[in-house]
Amino acid sequence: MKKILFILLSGTLMITSCGGEKEKVTDANGTVDLTYKFRQGQEFYVTLDWNETVNGKDSVGNVKNDTITMATTFKYVVERVDESGTADLAVTYDHMRMGSYDSDDSTQRNTREGMMFAGMVNYVLHAKIDNKGKVLELTGGDNFYTFGQQDSLVDDNACLRADLGQFFEILPKTAVKNGQEWETSHAIDFGYPGLFKNKCKFVSVEDSVATIEIQSVVTPNAEGKTVFPGGFILRQYFDGSRSATVKFDLKKGIIASSSYHDLYQGKATGNSNGNKIRIDLNVDLHKDFNVTSN
């Protein structure tokens, strides 16, 4: 269950849009402008389907296998948009389903899962994102990962800001043609920490929806760590890869859907109650986003 505590938001904060008049999405040279067009007052619900398989062994040969399947829903509200297109967004952790647990079921609030996740439901974050997806600010996440317990070992706002950034900051700085590539990079400090070098490619446009494919090389982030309640620190060193397909609605100016597949291999080390821990791990992670609007 501890594994779940630090993956709930990792890579889950997405946003999309609705509406928009019919308009041409390519210019005379056949290029497209991949730019966010946030609109004040819009509300959206984004559900992440998370499917993860972890296989590994500890230092004495004990098998550590786990499968995690869950769906989490986040509510997004565009509170303000300035002249440059930079938006202020409120993000609320709205709903969770995992196995038989459902955060909407009041009878489950006193269960182990209910008490564990009670501090996350209705938690509100505030983000500032420009029209190219750069996350300029994130606030309100203090002690999010430790559910209100005071923790000075991890900057939760910085971690959550990186989570948003790895999804939003995928757009090129200028308009692109079919087949054109560009590169991005980001660092994840919490959850499955890693340094990502991403090669993005605009591969097609159909019915005003552009398809972007992403291939990432993942290397260990030595600064990354996971802190559990009680101060238990787990460091993870992973190499791996990510492949992703993102659908970007050119008329609405926003991501419409995305699908990610991550493969990691490496080790996790820590110290619990004076006992050294080492686990060799292989992680197969699928993340699919589905969007609804009110």
# chains A, B, ... in the order shown; residues from 1 in each chain; ligands from 1
call {"tool": "select_by_dssp", "arguments": {"residues": "range 60-290 of chain A", "states": "helix (DSSP H, G or I)", "output": "PDB file with C-alpha atoms, in the first residue's frame"}}
result
ATOM      1  CA  SER A 106     -19.102   7.156   2.836  1.00  0.00           C
ATOM      2  CA  THR A 107     -19.260   3.685   4.432  1.00  0.00           C
ATOM      3  CA  GLN A 108     -15.589   3.147   3.536  1.00  0.00           C
ATOM      4  CA  ARG A 112      -7.638   1.490   6.077  1.00  0.00           C
ATOM      5  CA  GLU A 113      -7.810   2.885   2.539  1.00  0.00           C
ATOM      6  CA  GLY A 114     -10.442   5.444   3.496  1.00  0.00           C
ATOM      7  CA  MET A 115      -8.324   6.879   6.298  1.00  0.00           C
ATOM      8  CA  MET A 116      -5.197   6.725   4.154  1.00  0.00           C
ATOM      9  CA  PHE A 117      -6.643   8.718   1.258  1.00  0.00           C
ATOM     10  CA  ASP A 156       6.082  18.651  -2.345  1.00  0.00           C
ATOM     11  CA  ASN A 157       5.276  21.748  -4.424  1.00  0.00           C
ATOM     12  CA  ALA A 158       8.432  21.244  -6.489  1.00  0.00           C
ATOM     13  CA  CYS A 159       7.600  17.569  -7.011  1.00  0.00           C
ATOM     14  CA  LEU A 160       4.046  18.307  -8.093  1.00  0.00           C
ATOM     15  CA  ARG A 161       5.246  21.089 -10.366  1.00  0.00           C
ATOM     16  CA  ALA A 162       7.528  18.571 -12.077  1.00  0.00           C
ATOM     17  CA  ASP A 163       4.585  16.179 -12.446  1.00  0.00           C
ATOM     18  CA  LEU A 164       2.618  18.816 -14.348  1.00  0.00           C
ATOM     19  CA  GLY A 165       5.634  19.831 -16.358  1.00  0.00           C
ATOM     20  CA  GLN A 166       6.369  16.404 -17.761  1.00  0.00           C
ATOM     21  CA  PHE A 167       2.974  16.461 -19.492  1.00  0.00           C
ATOM     22  CA  PHE A 168       2.375  20.111 -20.358  1.00  0.00           C
TER      23      PHE A 168
END
call {"tool": "closest_residue", "arguments": {"among": "A:Thr269, A:Thr72, A:Gln215, A:Asn122", "to": "Phe289 in chain A", "atoms": "only C-alpha atoms"}}
result
A:Thr72
call {"tool": "closest_residue", "arguments": {"among": "A:Ser208, A:Val176, A:Ser257, A:Phe196", "to": "Ser241 in chain A", "atoms": "only C-alpha atoms"}}
result
A:Phe196
call {"tool": "select_by_dssp", "arguments": {"residues": "range 60-269 of chain A", "states": "strand (DSSP E)", "output": "ChimeraX atom specification"}}
result
/A:66-81,87-98,101-102,124-129,135-139,181-188,194-206,209-219,226-228,232-249,254-269
call {"tool": "write_last_selection", "arguments": {"atoms": "C-alpha atoms", "output": "compact mmCIF listing (two decimals), in the first residue's frame"}}
result
# COMPACT_ATOMS: atom_id res chain seq x y z
CA ASP A 66 2.82 -6.29 -7.01
CA THR A 67 0.08 -5.15 -9.38
CA ILE A 68 -1.65 -1.79 -8.93
CA THR A 69 -4.75 -0.80 -10.88
CA MET A 70 -6.66 2.34 -10.06
CA ALA A 71 -8.57 5.28 -11.52
CA THR A 72 -8.23 8.81 -10.20
CA THR A 73 -10.22 11.86 -11.26
CA PHE A 74 -9.08 15.47 -11.07
CA LYS A 75 -11.17 18.59 -11.51
CA TYR A 76 -9.62 21.56 -13.29
CA VAL A 77 -10.87 25.14 -13.23
CA VAL A 78 -9.31 27.91 -15.32
CA GLU A 79 -9.48 30.83 -12.92
CA ARG A 80 -7.73 33.52 -14.95
CA VAL A 81 -5.97 34.01 -18.29
CA ALA A 87 -3.43 30.71 -17.09
CA ASP A 88 -4.05 30.35 -13.38
CA LEU A 89 -5.57 26.93 -12.68
CA ALA A 90 -7.14 25.29 -9.64
CA VAL A 91 -6.66 21.51 -9.56
CA THR A 92 -8.73 19.40 -7.17
CA TYR A 93 -8.21 15.72 -6.35
CA ASP A 94 -11.83 14.70 -6.86
CA HIS A 95 -12.31 10.93 -6.82
CA MET A 96 -10.48 7.61 -6.54
CA ARG A 97 -11.31 3.99 -7.27
CA MET A 98 -8.96 1.14 -6.40
CA TYR A 101 -12.42 1.07 -2.54
CA ASP A 102 -14.39 4.08 -3.81
CA VAL A 124 -6.69 21.84 -4.04
CA LEU A 125 -3.52 22.89 -5.87
CA HIS A 126 -2.94 26.14 -7.76
CA ALA A 127 -0.81 26.26 -10.89
CA LYS A 128 0.32 28.92 -13.37
CA ILE A 129 1.02 27.61 -16.87
CA VAL A 135 4.66 25.37 -15.42
CA LEU A 136 5.68 28.70 -13.94
CA GLU A 137 4.32 28.18 -10.42
CA LEU A 138 2.64 25.58 -8.24
CA THR A 139 1.39 26.19 -4.71
CA GLU A 181 10.90 16.75 -34.39
CA TRP A 182 11.92 18.68 -31.29
CA GLU A 183 13.44 17.81 -27.91
CA THR A 184 12.43 18.45 -24.32
CA SER A 185 13.76 17.30 -20.96
CA HIS A 186 12.61 17.16 -17.35
CA ALA A 187 13.56 15.73 -13.98
CA ILE A 188 11.29 13.81 -11.62
CA GLY A 194 14.43 9.95 -13.16
CA LEU A 195 15.99 12.28 -15.71
CA PHE A 196 14.01 12.26 -18.96
CA LYS A 197 15.36 13.18 -22.39
CA ASN A 198 12.38 13.34 -24.72
CA LYS A 199 12.24 13.32 -28.50
CA CYS A 200 8.87 14.60 -29.70
CA LYS A 201 7.53 14.29 -33.24
CA PHE A 202 4.50 15.77 -34.95
CA VAL A 203 3.29 12.79 -37.01
CA SER A 204 -0.16 13.68 -38.38
CA VAL A 205 -3.24 15.86 -38.20
CA GLU A 206 -6.78 14.60 -38.77
CA VAL A 209 -6.46 16.88 -33.96
CA ALA A 210 -2.68 16.58 -34.11
CA THR A 211 -0.86 13.43 -33.04
CA ILE A 212 2.44 13.81 -31.22
CA GLU A 213 4.63 10.80 -30.51
CA ILE A 214 7.22 10.89 -27.74
CA GLN A 215 10.17 8.60 -27.11
CA SER A 216 12.09 9.13 -23.87
CA VAL A 217 15.33 7.84 -22.44
CA VAL A 218 15.25 7.64 -18.64
CA THR A 219 18.38 7.66 -16.46
CA THR A 226 10.59 8.96 -1.54
CA VAL A 227 9.74 9.81 2.07
CA PHE A 228 7.09 7.77 3.85
CA PHE A 232 11.56 6.42 6.08
CA ILE A 233 13.55 7.45 2.99
CA LEU A 234 13.62 5.23 -0.08
CA ARG A 235 16.01 6.06 -2.91
CA GLN A 236 15.39 4.62 -6.33
CA TYR A 237 17.84 4.33 -9.21
CA PHE A 238 16.15 3.47 -12.49
CA ASP A 239 17.13 3.29 -16.13
CA GLY A 240 14.35 2.93 -18.62
CA SER A 241 12.24 4.28 -21.43
CA ARG A 242 8.93 5.94 -22.12
CA SER A 243 6.79 5.86 -25.23
CA ALA A 244 3.76 8.10 -25.50
CA THR A 245 1.08 9.25 -27.89
CA VAL A 246 -0.56 12.61 -27.27
CA LYS A 247 -3.62 13.95 -29.10
CA PHE A 248 -3.66 17.76 -29.30
CA ASP A 249 -6.83 19.55 -30.40
CA ILE A 254 -5.34 21.88 -25.62
CA ILE A 255 -4.36 18.24 -25.07
CA ALA A 256 -7.35 16.02 -25.77
CA SER A 257 -5.99 12.64 -24.60
CA SER A 258 -2.75 10.83 -23.97
CA SER A 259 -1.35 7.37 -23.40
CA TYR A 260 2.00 6.59 -21.75
CA HIS A 261 3.97 3.37 -21.39
CA ASP A 262 6.97 3.40 -19.05
CA LEU A 263 9.49 0.61 -18.51
CA TYR A 264 11.99 0.94 -15.65
CA GLN A 265 14.64 -1.34 -14.23
CA GLY A 266 16.95 -0.72 -11.30
CA LYS A 267 17.10 -0.82 -7.53
CA ALA A 268 15.54 0.80 -4.48
CA THR A 269 17.54 1.23 -1.29
